[in-house]
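Trainee: Below are the structure tokens for one structure; questions will follow.
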Protein chains: 2
Amino acid sequence: MLFSKTCEYGIRAAVYIASQHDKDYKIGITEICEKIEAPRHFTAKILQILTREGLVSSQKGVNGGFFMDEEQMNRPLIALVEAVEGTEALSRCGLGLRACSEKEPCPLHNKYKAIRTNIASMLTGITIGDMAKKLQKGSSFLKIA
Amino acid sequence: MLFSKTCEYGIRAAVYIASQHDKDYKIGITEICEKIEAPRHFTAKILQILTREGLVSSQKGVNGGFFMDEEQMNRPLIALVEAVEGTEALSRCGLGLRACSEKEPCPLHNKYKAIRTNIASMLTGITIGDMAKKLQKGSSFLKIA
DNA sequence: TAAATAAAAGATGTTTTTGTCCTTTATTGC
DNA sequence: GCAATAAAGGACAAAAACATCTTTTATTTA
């Protein structure tokens, strides 16, 4: 509902990569997609975007793969969501009205604005690294079913 | 982001119908779609759903059209959203994990749960009639652009 | 330098969502 | 009863999202 599939896979992939940060090898797309149970080629495309945007690093060739440094792990989740969904996605009118504003609000404007603020603060208040840490601690999971 | 187009058009149509509640005639699909600037045939389909679910009333034939009674106007917005998106739409895991639960939470679970609660209370705390009233008062609008 | 490897890139295919069109059914007013 | 009207319903079409497959490019290591 809140995130597209693209965004879901992107978050799961990034969090998994971050969770392997202490490993001494880079993580291949095959391992990533097995672990997060996501479609391989589609997820590869999404990782291309994240790599292009600098949210994830990659290396081609033998022993290549994906990885993240400390700085990348410290990026808030909102950076990833905006990279994937576009920056305006989080500020659109709930009823799809371009004209919706403080001056000409839609009938849901004020309530929706509060929700948007909540969403933004959720996404700003957590980093990829934070999420990875939960995974490592075993206090959260990426299991599908 | 939060609502599908189907849902957006459905809300706008229902709110417009409700806002015409005091009129002595029923509202035709043509008028509705002009006023809410929504695609005519698509919106007609959505109104079929809302009518089937009893959220809106309709009458065929000469001088027929759509209308809502007091009881329908008092339905919370969440009833409409659930009719259109399905009842589970509002309770799915943010990262798309079926297994996500209190016992096996995804790394976003707790924060996302809070958002979902906010969304649910927004949708429960406002009725179609409330939204229509804002329109009538001129304190809010359904203008696209 | 050559072979192997793994991501990047581009083309293509499928499914879902969004949107249109045409026929049928119910209702009204004459 | 008949013509007109308006929603209901079904078939179809376009666009977007989701997903796959193949080729290219960069890198490593033997």
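Identifiers in this document derive from the order of the structure tokens: chains are assigned A, B, ..., residues are numbered from 1 separately in each chain, and ligands are numbered from 1 in order of occurrence.
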Do you know which residues are at most 12 Å from DA26 (chain C) counting only C-alpha atoms (C1' of nucleotides), after dropping those on the same chain fewer than 2 positions away, and could you put them as a list in words?

Mentor: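 Here the qualifying residues turn out to be Ser58, Gln59, Lys60, Gly61, Val62 and Gly64 of chain B; DT24 and DT28 of chain C; DT5, DA6, DA7 and DA8 of chain D.
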
Trainee: Give me the residues of chain C that have any atom at most 12 Å from an atom of chain B; for each, the nearest atom pair and the distance in Å, rounded to one decimal. Use only C-alpha atoms (C1' of nucleotides), sort by chain and number, and format it as CSV.

Mentor:
residue,atom,partner,partner_atom,distance
C:DT17,C1',B:Lys5,CA,8.7
C:DT18,C1',B:Lys5,CA,7.7
C:DG19,C1',B:Phe42,CA,5.8
C:DT20,C1',B:His41,CA,6.7
C:DC21,C1',B:His41,CA,8.8
C:DC22,C1',B:His41,CA,11.7
C:DT25,C1',B:Lys60,CA,8.9
C:DA26,C1',B:Lys60,CA,5.8
C:DT27,C1',B:Gly61,CA,4.2
C:DT28,C1',B:Val62,CA,5.0
C:DG29,C1',B:Val62,CA,8.0

Trainee: Save out the residues we just selected, N, CA and C atoms (P, O5', C5', C4', C3', O3' and C1' of nucleotides), as a PDB file, in the first residue's frame.

Mentor:
ATOM      1  P    DT C  17      -3.786  -4.662  -9.295  1.00  0.00           P
ATOM      2  O5'  DT C  17      -3.867  -3.273 -10.077  1.00  0.00           O
ATOM      3  C5'  DT C  17      -2.695  -2.483 -10.185  1.00  0.00           C
ATOM      4  C4'  DT C  17      -2.957  -1.331 -11.131  1.00  0.00           C
ATOM      5  C3'  DT C  17      -4.240  -0.541 -10.815  1.00  0.00           C
ATOM      6  O3'  DT C  17      -3.844   0.805 -10.690  1.00  0.00           O
ATOM      7  C1'  DT C  17      -4.139  -1.098 -13.118  1.00  0.00           C
ATOM      8  P    DT C  18      -4.877   1.985 -10.339  1.00  0.00           P
ATOM      9  O5'  DT C  18      -5.294   2.480 -11.807  1.00  0.00           O
ATOM     10  C5'  DT C  18      -4.291   3.015 -12.654  1.00  0.00           C
ATOM     11  C4'  DT C  18      -4.872   3.277 -14.029  1.00  0.00           C
ATOM     12  C3'  DT C  18      -6.149   4.134 -14.033  1.00  0.00           C
ATOM     13  O3'  DT C  18      -5.869   5.279 -14.825  1.00  0.00           O
ATOM     14  C1'  DT C  18      -6.351   2.271 -15.478  1.00  0.00           C
ATOM     15  P    DG C  19      -6.912   6.432 -15.050  1.00  0.00           P
ATOM     16  O5'  DG C  19      -7.710   5.936 -16.333  1.00  0.00           O
ATOM     17  C5'  DG C  19      -7.049   5.921 -17.601  1.00  0.00           C
ATOM     18  C4'  DG C  19      -7.990   5.334 -18.640  1.00  0.00           C
ATOM     19  C3'  DG C  19      -9.376   5.981 -18.708  1.00  0.00           C
ATOM     20  O3'  DG C  19      -9.486   6.638 -19.961  1.00  0.00           O
ATOM     21  C1'  DG C  19      -9.473   3.626 -18.936  1.00  0.00           C
ATOM     22  P    DT C  20     -10.883   7.265 -20.467  1.00  0.00           P
ATOM     23  O5'  DT C  20     -11.425   6.101 -21.415  1.00  0.00           O
ATOM     24  C5'  DT C  20     -10.669   5.711 -22.552  1.00  0.00           C
ATOM     25  C4'  DT C  20     -11.469   4.748 -23.414  1.00  0.00           C
ATOM     26  C3'  DT C  20     -12.842   5.265 -23.873  1.00  0.00           C
ATOM     27  O3'  DT C  20     -12.851   5.184 -25.291  1.00  0.00           O
ATOM     28  C1'  DT C  20     -13.024   3.067 -22.995  1.00  0.00           C
ATOM     29  P    DC C  21     -14.079   5.782 -26.126  1.00  0.00           P
ATOM     30  O5'  DC C  21     -14.948   4.481 -26.460  1.00  0.00           O
ATOM     31  C5'  DC C  21     -14.292   3.311 -26.950  1.00  0.00           C
ATOM     32  C4'  DC C  21     -15.299   2.179 -27.068  1.00  0.00           C
ATOM     33  C3'  DC C  21     -16.697   2.619 -27.527  1.00  0.00           C
ATOM     34  O3'  DC C  21     -17.097   1.763 -28.585  1.00  0.00           O
ATOM     35  C1'  DC C  21     -16.859   1.295 -25.585  1.00  0.00           C
ATOM     36  P    DC C  22     -18.417   2.104 -29.457  1.00  0.00           P
ATOM     37  O5'  DC C  22     -19.327   0.834 -29.160  1.00  0.00           O
ATOM     38  C5'  DC C  22     -18.716  -0.464 -29.041  1.00  0.00           C
ATOM     39  C4'  DC C  22     -19.710  -1.418 -28.387  1.00  0.00           C
ATOM     40  C3'  DC C  22     -21.160  -1.184 -28.804  1.00  0.00           C
ATOM     41  O3'  DC C  22     -21.754  -2.449 -29.094  1.00  0.00           O
ATOM     42  C1'  DC C  22     -21.007  -1.179 -26.460  1.00  0.00           C
ATOM     43  P    DT C  25     -30.748  -8.288 -20.592  1.00  0.00           P
ATOM     44  O5'  DT C  25     -31.071  -7.230 -19.441  1.00  0.00           O
ATOM     45  C5'  DT C  25     -30.204  -7.130 -18.318  1.00  0.00           C
ATOM     46  C4'  DT C  25     -30.706  -6.019 -17.436  1.00  0.00           C
ATOM     47  C3'  DT C  25     -32.201  -6.090 -17.116  1.00  0.00           C
ATOM     48  O3'  DT C  25     -32.355  -5.973 -15.717  1.00  0.00           O
ATOM     49  C1'  DT C  25     -31.623  -3.939 -17.893  1.00  0.00           C
ATOM     50  P    DA C  26     -33.767  -6.206 -15.016  1.00  0.00           P
ATOM     51  O5'  DA C  26     -34.132  -4.752 -14.489  1.00  0.00           O
ATOM     52  C5'  DA C  26     -33.205  -4.093 -13.634  1.00  0.00           C
ATOM     53  C4'  DA C  26     -33.588  -2.637 -13.552  1.00  0.00           C
ATOM     54  C3'  DA C  26     -35.029  -2.385 -13.115  1.00  0.00           C
ATOM     55  O3'  DA C  26     -34.967  -1.472 -12.049  1.00  0.00           O
ATOM     56  C1'  DA C  26     -34.529  -1.155 -15.077  1.00  0.00           C
ATOM     57  P    DT C  27     -36.243  -1.153 -11.144  1.00  0.00           P
ATOM     58  O5'  DT C  27     -36.729   0.237 -11.739  1.00  0.00           O
ATOM     59  C5'  DT C  27     -35.835   1.341 -11.691  1.00  0.00           C
ATOM     60  C4'  DT C  27     -36.403   2.460 -12.518  1.00  0.00           C
ATOM     61  C3'  DT C  27     -37.865   2.808 -12.234  1.00  0.00           C
ATOM     62  O3'  DT C  27     -37.869   4.067 -11.578  1.00  0.00           O
ATOM     63  C1'  DT C  27     -37.353   2.898 -14.557  1.00  0.00           C
ATOM     64  P    DT C  28     -39.229   4.731 -11.041  1.00  0.00           P
ATOM     65  O5'  DT C  28     -39.492   5.814 -12.169  1.00  0.00           O
ATOM     66  C5'  DT C  28     -38.441   6.710 -12.552  1.00  0.00           C
ATOM     67  C4'  DT C  28     -38.868   7.439 -13.800  1.00  0.00           C
ATOM     68  C3'  DT C  28     -40.268   8.070 -13.711  1.00  0.00           C
ATOM     69  O3'  DT C  28     -40.120   9.465 -13.873  1.00  0.00           O
ATOM     70  C1'  DT C  28     -39.964   6.885 -15.764  1.00  0.00           C
ATOM     71  P    DG C  29     -41.352  10.467 -13.545  1.00  0.00           P
ATOM     72  O5'  DG C  29     -41.845  10.838 -15.015  1.00  0.00           O
ATOM     73  C5'  DG C  29     -40.886  11.299 -15.974  1.00  0.00           C
ATOM     74  C4'  DG C  29     -41.574  11.399 -17.315  1.00  0.00           C
ATOM     75  C3'  DG C  29     -42.971  12.026 -17.249  1.00  0.00           C
ATOM     76  O3'  DG C  29     -43.128  12.826 -18.406  1.00  0.00           O
ATOM     77  C1'  DG C  29     -43.114   9.859 -18.182  1.00  0.00           C
TER      78       DG C  29
END

Trainee: Between CA of Val84 (chain B) and CA of Met1 (chain B), measure the distance and give it in Å to one decimal.

Mentor: 15.3 Å

Trainee: Show me, as CSV, the residues of chain B having an atom within 8 Å of chain A, each with the closest atom pair and its distance in Å, using only C-alpha atoms.

Mentor:
residue,atom,partner,partner_atom,distance
B:Met1,CA,A:Leu2,CA,6.1
B:Leu2,CA,A:Leu2,CA,5.5
B:Phe3,CA,A:Gly94,CA,6.8
B:Lys5,CA,A:Gly96,CA,7.7
B:Glu8,CA,A:Leu95,CA,4.9
B:Tyr9,CA,A:Leu95,CA,7.6
B:Ile11,CA,A:Leu95,CA,7.6
B:Arg12,CA,A:Leu95,CA,7.2
B:Ala89,CA,A:Met1,CA,6.6
B:Leu90,CA,A:Met1,CA,7.4
B:Arg92,CA,A:Met1,CA,7.6
B:Gly94,CA,A:Leu2,CA,6.8
B:Leu95,CA,A:Glu8,CA,4.9
B:Gly96,CA,A:Glu8,CA,6.5
B:Leu97,CA,A:Ile144,CA,4.5
B:Arg98,CA,A:Ala145,CA,5.4
B:Ala99,CA,A:Ala145,CA,4.5
B:Cys100,CA,A:Lys143,CA,7.5
B:Glu104,CA,A:Ser140,CA,6.1
B:Pro105,CA,A:Ser140,CA,5.1
B:Cys106,CA,A:Phe141,CA,5.0
B:Pro107,CA,A:Met131,CA,5.1
B:Leu108,CA,A:Met131,CA,7.1
B:Lys111,CA,A:Met122,CA,6.3
B:Tyr112,CA,A:Met122,CA,7.6
B:Ile115,CA,A:Ile119,CA,6.6
B:Asn118,CA,A:Ile115,CA,6.6
B:Ile119,CA,A:Ile115,CA,6.6
B:Met122,CA,A:Lys111,CA,6.3
B:Met131,CA,A:Pro107,CA,5.1
B:Ala132,CA,A:Pro107,CA,7.6
B:Lys134,CA,A:Pro107,CA,6.3
B:Leu135,CA,A:Pro107,CA,6.9
B:Ser139,CA,A:Pro105,CA,7.6
B:Ser140,CA,A:Pro105,CA,5.1
B:Phe141,CA,A:Cys106,CA,5.0
B:Leu142,CA,A:Cys106,CA,5.8
B:Lys143,CA,A:Ala99,CA,6.4
B:Ile144,CA,A:Leu97,CA,4.5
B:Ala145,CA,A:Ala99,CA,4.5

Trainee: For the residues in the current selection, export N, CA and C atoms as a compact mmCIF listing (two decimals), in the first residue's frame.

Mentor:
# COMPACT_ATOMS: atom_id res chain seq x y z
N MET B 1 0.08 7.78 -3.62
CA MET B 1 0.93 6.87 -2.85
C MET B 1 0.09 5.99 -1.91
N LEU B 2 -0.76 6.63 -1.12
CA LEU B 2 -1.56 5.87 -0.16
C LEU B 2 -2.74 5.19 -0.85
N PHE B 3 -3.42 5.93 -1.73
CA PHE B 3 -4.60 5.39 -2.40
C PHE B 3 -4.32 5.12 -3.88
N LYS B 5 -5.71 5.00 -7.85
CA LYS B 5 -6.58 5.89 -8.63
C LYS B 5 -8.04 5.53 -8.40
N GLU B 8 -9.06 6.98 -5.19
CA GLU B 8 -9.15 8.45 -5.29
C GLU B 8 -10.46 8.88 -5.97
N TYR B 9 -10.71 8.28 -7.13
CA TYR B 9 -11.92 8.65 -7.86
C TYR B 9 -13.16 8.27 -7.06
N ILE B 11 -13.52 8.10 -3.78
CA ILE B 11 -13.72 9.06 -2.69
C ILE B 11 -14.28 10.36 -3.24
N ARG B 12 -13.64 10.85 -4.31
CA ARG B 12 -14.08 12.14 -4.86
C ARG B 12 -15.53 12.05 -5.33
N ALA B 89 -5.95 -4.59 2.84
CA ALA B 89 -5.01 -3.61 2.31
C ALA B 89 -4.39 -2.75 3.41
N LEU B 90 -5.17 -2.47 4.43
CA LEU B 90 -4.70 -1.56 5.47
C LEU B 90 -3.88 -2.25 6.55
N ARG B 92 -1.37 -4.78 5.73
CA ARG B 92 -0.23 -5.52 5.19
C ARG B 92 1.10 -4.97 5.69
N GLY B 94 4.73 -3.46 5.62
CA GLY B 94 5.29 -2.40 4.79
C GLY B 94 6.31 -2.91 3.79
N LEU B 95 6.99 -3.99 4.12
CA LEU B 95 8.01 -4.52 3.22
C LEU B 95 7.51 -5.72 2.43
N GLY B 96 6.21 -5.99 2.52
CA GLY B 96 5.61 -7.04 1.70
C GLY B 96 5.82 -8.45 2.22
N LEU B 97 6.17 -8.59 3.50
CA LEU B 97 6.40 -9.93 4.05
C LEU B 97 5.13 -10.49 4.67
N ARG B 98 4.69 -11.62 4.16
CA ARG B 98 3.50 -12.25 4.72
C ARG B 98 3.75 -12.72 6.15
N ALA B 99 4.99 -13.13 6.40
CA ALA B 99 5.31 -13.69 7.71
C ALA B 99 5.46 -12.62 8.80
N CYS B 100 5.46 -11.37 8.39
CA CYS B 100 5.70 -10.28 9.35
C CYS B 100 4.61 -10.25 10.43
N GLU B 104 7.70 -12.28 14.51
CA GLU B 104 8.75 -12.21 13.49
C GLU B 104 8.60 -10.91 12.71
N PRO B 105 8.89 -9.81 13.35
CA PRO B 105 8.65 -8.51 12.71
C PRO B 105 9.70 -8.19 11.66
N CYS B 106 9.30 -7.47 10.63
CA CYS B 106 10.27 -6.94 9.68
C CYS B 106 10.98 -5.76 10.35
N PRO B 107 12.08 -5.32 9.78
CA PRO B 107 12.86 -4.27 10.44
C PRO B 107 12.14 -2.92 10.52
N LEU B 108 10.99 -2.83 9.87
CA LEU B 108 10.26 -1.57 9.90
C LEU B 108 8.95 -1.72 10.69
N LYS B 111 7.63 0.83 13.62
CA LYS B 111 7.38 2.18 13.12
C LYS B 111 6.20 2.18 12.15
N TYR B 112 6.18 1.15 11.32
CA TYR B 112 5.12 1.08 10.31
C TYR B 112 3.76 0.85 10.96
N ILE B 115 2.27 4.02 11.96
CA ILE B 115 1.72 4.74 10.81
C ILE B 115 0.36 4.17 10.43
N ASN B 118 -2.23 5.34 12.63
CA ASN B 118 -2.60 6.72 12.29
C ASN B 118 -3.52 6.78 11.09
N ILE B 119 -3.17 6.00 10.07
CA ILE B 119 -3.98 5.99 8.86
C ILE B 119 -5.39 5.49 9.18
N MET B 122 -7.31 8.11 10.97
CA MET B 122 -7.74 9.16 10.04
C MET B 122 -8.98 8.71 9.29
N MET B 131 -16.71 15.25 4.93
CA MET B 131 -15.93 15.78 3.81
C MET B 131 -16.83 16.61 2.90
N ALA B 132 -18.05 16.12 2.68
CA ALA B 132 -19.00 16.85 1.85
C ALA B 132 -19.32 18.21 2.46
N LYS B 134 -17.44 20.11 4.25
CA LYS B 134 -16.33 21.04 4.00
C LYS B 134 -16.45 21.65 2.60
N LEU B 135 -16.86 20.81 1.69
CA LEU B 135 -17.04 21.25 0.31
C LEU B 135 -18.14 22.31 0.25
N SER B 139 -14.80 25.47 2.46
CA SER B 139 -13.49 25.40 3.14
C SER B 139 -12.59 24.34 2.54
N SER B 140 -13.15 23.57 1.60
CA SER B 140 -12.27 22.70 0.83
C SER B 140 -12.83 22.46 -0.56
N PHE B 141 -12.03 21.82 -1.43
CA PHE B 141 -12.33 21.78 -2.86
C PHE B 141 -12.01 20.42 -3.47
N LEU B 142 -12.57 20.19 -4.65
CA LEU B 142 -12.22 18.97 -5.39
C LEU B 142 -11.56 19.31 -6.72
N LYS B 143 -11.11 20.55 -6.83
CA LYS B 143 -10.46 20.98 -8.07
C LYS B 143 -9.14 20.28 -8.32
N ILE B 144 -9.00 19.78 -9.55
CA ILE B 144 -7.78 19.10 -9.96
C ILE B 144 -6.62 20.09 -10.09
N ALA B 145 -6.81 21.06 -10.99
CA ALA B 145 -5.72 21.99 -11.30
C ALA B 145 -6.32 23.35 -11.70

Trainee: Of the candidates B:Thr127, B:Asp22, B:Thr117, B:Gly65, which shows the shortest atom-to-atom distance to chain D, using only C-alpha atoms (C1' of nucleotides)?

Mentor: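 Of B:Thr127, B:Asp22, B:Thr117, B:Gly65, the one nearest chain D, counting only C-alpha atoms (C1' of nucleotides), is B:Gly65.
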
Trainee: What does the distance from CA of Lys23 (chain A) to CA of Val81 (chain A) come to in Å, to one decimal?

Mentor: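 Those two atoms sit 25.7 Å apart.
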
Trainee: Contacts from chain D to chain A, 9 Å maximum, only C-alpha atoms (C1' of nucleotides): show me the residue list as a ChimeraX atom specification.

Mentor: /D:17-21,25-29

Trainee: Please produce a file of those selected residues containing C-alpha atoms (C1' of nucleotides), as a PDB file, in the first residue's frame.

Mentor:
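Below is the file that was written, result-v9.pdb:
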ATOM      1  C1'  DA D  17       4.171  -1.893 -12.971  1.00  0.00           C
ATOM      2  C1'  DC D  18       6.388  -6.042 -12.473  1.00  0.00           C
ATOM      3  C1'  DA D  19       9.455  -9.504 -14.212  1.00  0.00           C
ATOM      4  C1'  DT D  20      12.741 -12.069 -17.403  1.00  0.00           C
ATOM      5  C1'  DC D  21      16.295 -12.858 -20.774  1.00  0.00           C
ATOM      6  C1'  DT D  25      31.393  -4.023 -19.961  1.00  0.00           C
ATOM      7  C1'  DA D  26      34.531  -4.019 -16.175  1.00  0.00           C
ATOM      8  C1'  DT D  27      37.433  -6.578 -13.103  1.00  0.00           C
ATOM      9  C1'  DT D  28      40.106 -10.261 -11.212  1.00  0.00           C
ATOM     10  C1'  DT D  29      43.171 -14.019 -11.126  1.00  0.00           C
TER      11       DT D  29
END

Trainee: Quick check for you: according to DSSP on this backbone, which residues of chain A are classed as strand (DSSP E)? Reply as a ChimeraX atom specification.

Mentor: /A:57-59,65-67

Trainee: Output N, CA, C and O atoms of each residue in that selection to a file, as a PDB file, in the first residue's frame.

Mentor:
ATOM      1  N   SER A  57      27.100   0.359  -3.055  1.00  0.00           N
ATOM      2  CA  SER A  57      28.266   0.283  -3.927  1.00  0.00           C
ATOM      3  C   SER A  57      28.304  -1.079  -4.597  1.00  0.00           C
ATOM      4  O   SER A  57      27.726  -2.047  -4.084  1.00  0.00           O
ATOM      5  N   SER A  58      28.976  -1.139  -5.737  1.00  0.00           N
ATOM      6  CA  SER A  58      29.067  -2.420  -6.423  1.00  0.00           C
ATOM      7  C   SER A  58      30.425  -2.548  -7.087  1.00  0.00           C
ATOM      8  O   SER A  58      31.111  -1.552  -7.331  1.00  0.00           O
ATOM      9  N   GLN A  59      30.786  -3.763  -7.359  1.00  0.00           N
ATOM     10  CA  GLN A  59      31.998  -4.004  -8.106  1.00  0.00           C
ATOM     11  C   GLN A  59      31.769  -5.156  -9.078  1.00  0.00           C
ATOM     12  O   GLN A  59      31.224  -6.190  -8.709  1.00  0.00           O
ATOM     13  N   GLY A  65      30.503  -7.795  -6.489  1.00  0.00           N
ATOM     14  CA  GLY A  65      29.207  -7.904  -5.832  1.00  0.00           C
ATOM     15  C   GLY A  65      28.813  -6.560  -5.255  1.00  0.00           C
ATOM     16  O   GLY A  65      29.364  -5.526  -5.640  1.00  0.00           O
ATOM     17  N   PHE A  66      27.846  -6.586  -4.348  1.00  0.00           N
ATOM     18  CA  PHE A  66      27.355  -5.347  -3.746  1.00  0.00           C
ATOM     19  C   PHE A  66      27.855  -5.229  -2.315  1.00  0.00           C
ATOM     20  O   PHE A  66      28.063  -6.226  -1.633  1.00  0.00           O
ATOM     21  N   PHE A  67      28.022  -3.989  -1.886  1.00  0.00           N
ATOM     22  CA  PHE A  67      28.443  -3.749  -0.499  1.00  0.00           C
ATOM     23  C   PHE A  67      28.092  -2.320  -0.116  1.00  0.00           C
ATOM     24  O   PHE A  67      27.749  -1.504  -0.976  1.00  0.00           O
TER      25      PHE A  67
END

Trainee: DSSP on the backbone: which residues in region 7-124 of chain B end up as alpha helix (DSSP H)? Give the answer as an NGL selection string.

Mentor: :B and (7-19 or 29-36 or 40-52 or 70-73 or 77-85 or 109-124)

Trainee: I'd like the contact shell of Leu55 (chain A) - 9 Å cut-off, only C-alpha atoms (C1' of nucleotides), skipping same-chain residues fewer than 6 positions apart - returned as a VMD selection string.

Mentor: chain A and resid 14 49 68 72 to 73 75 79 to 80 83

Trainee: Neighbours of DT23 (chain D) within 12 Å (only C-alpha atoms (C1' of nucleotides); same-chain residues fewer than 5 positions away dropped), as a VMD selection string?

Mentor: chain C and resid 8 to 11
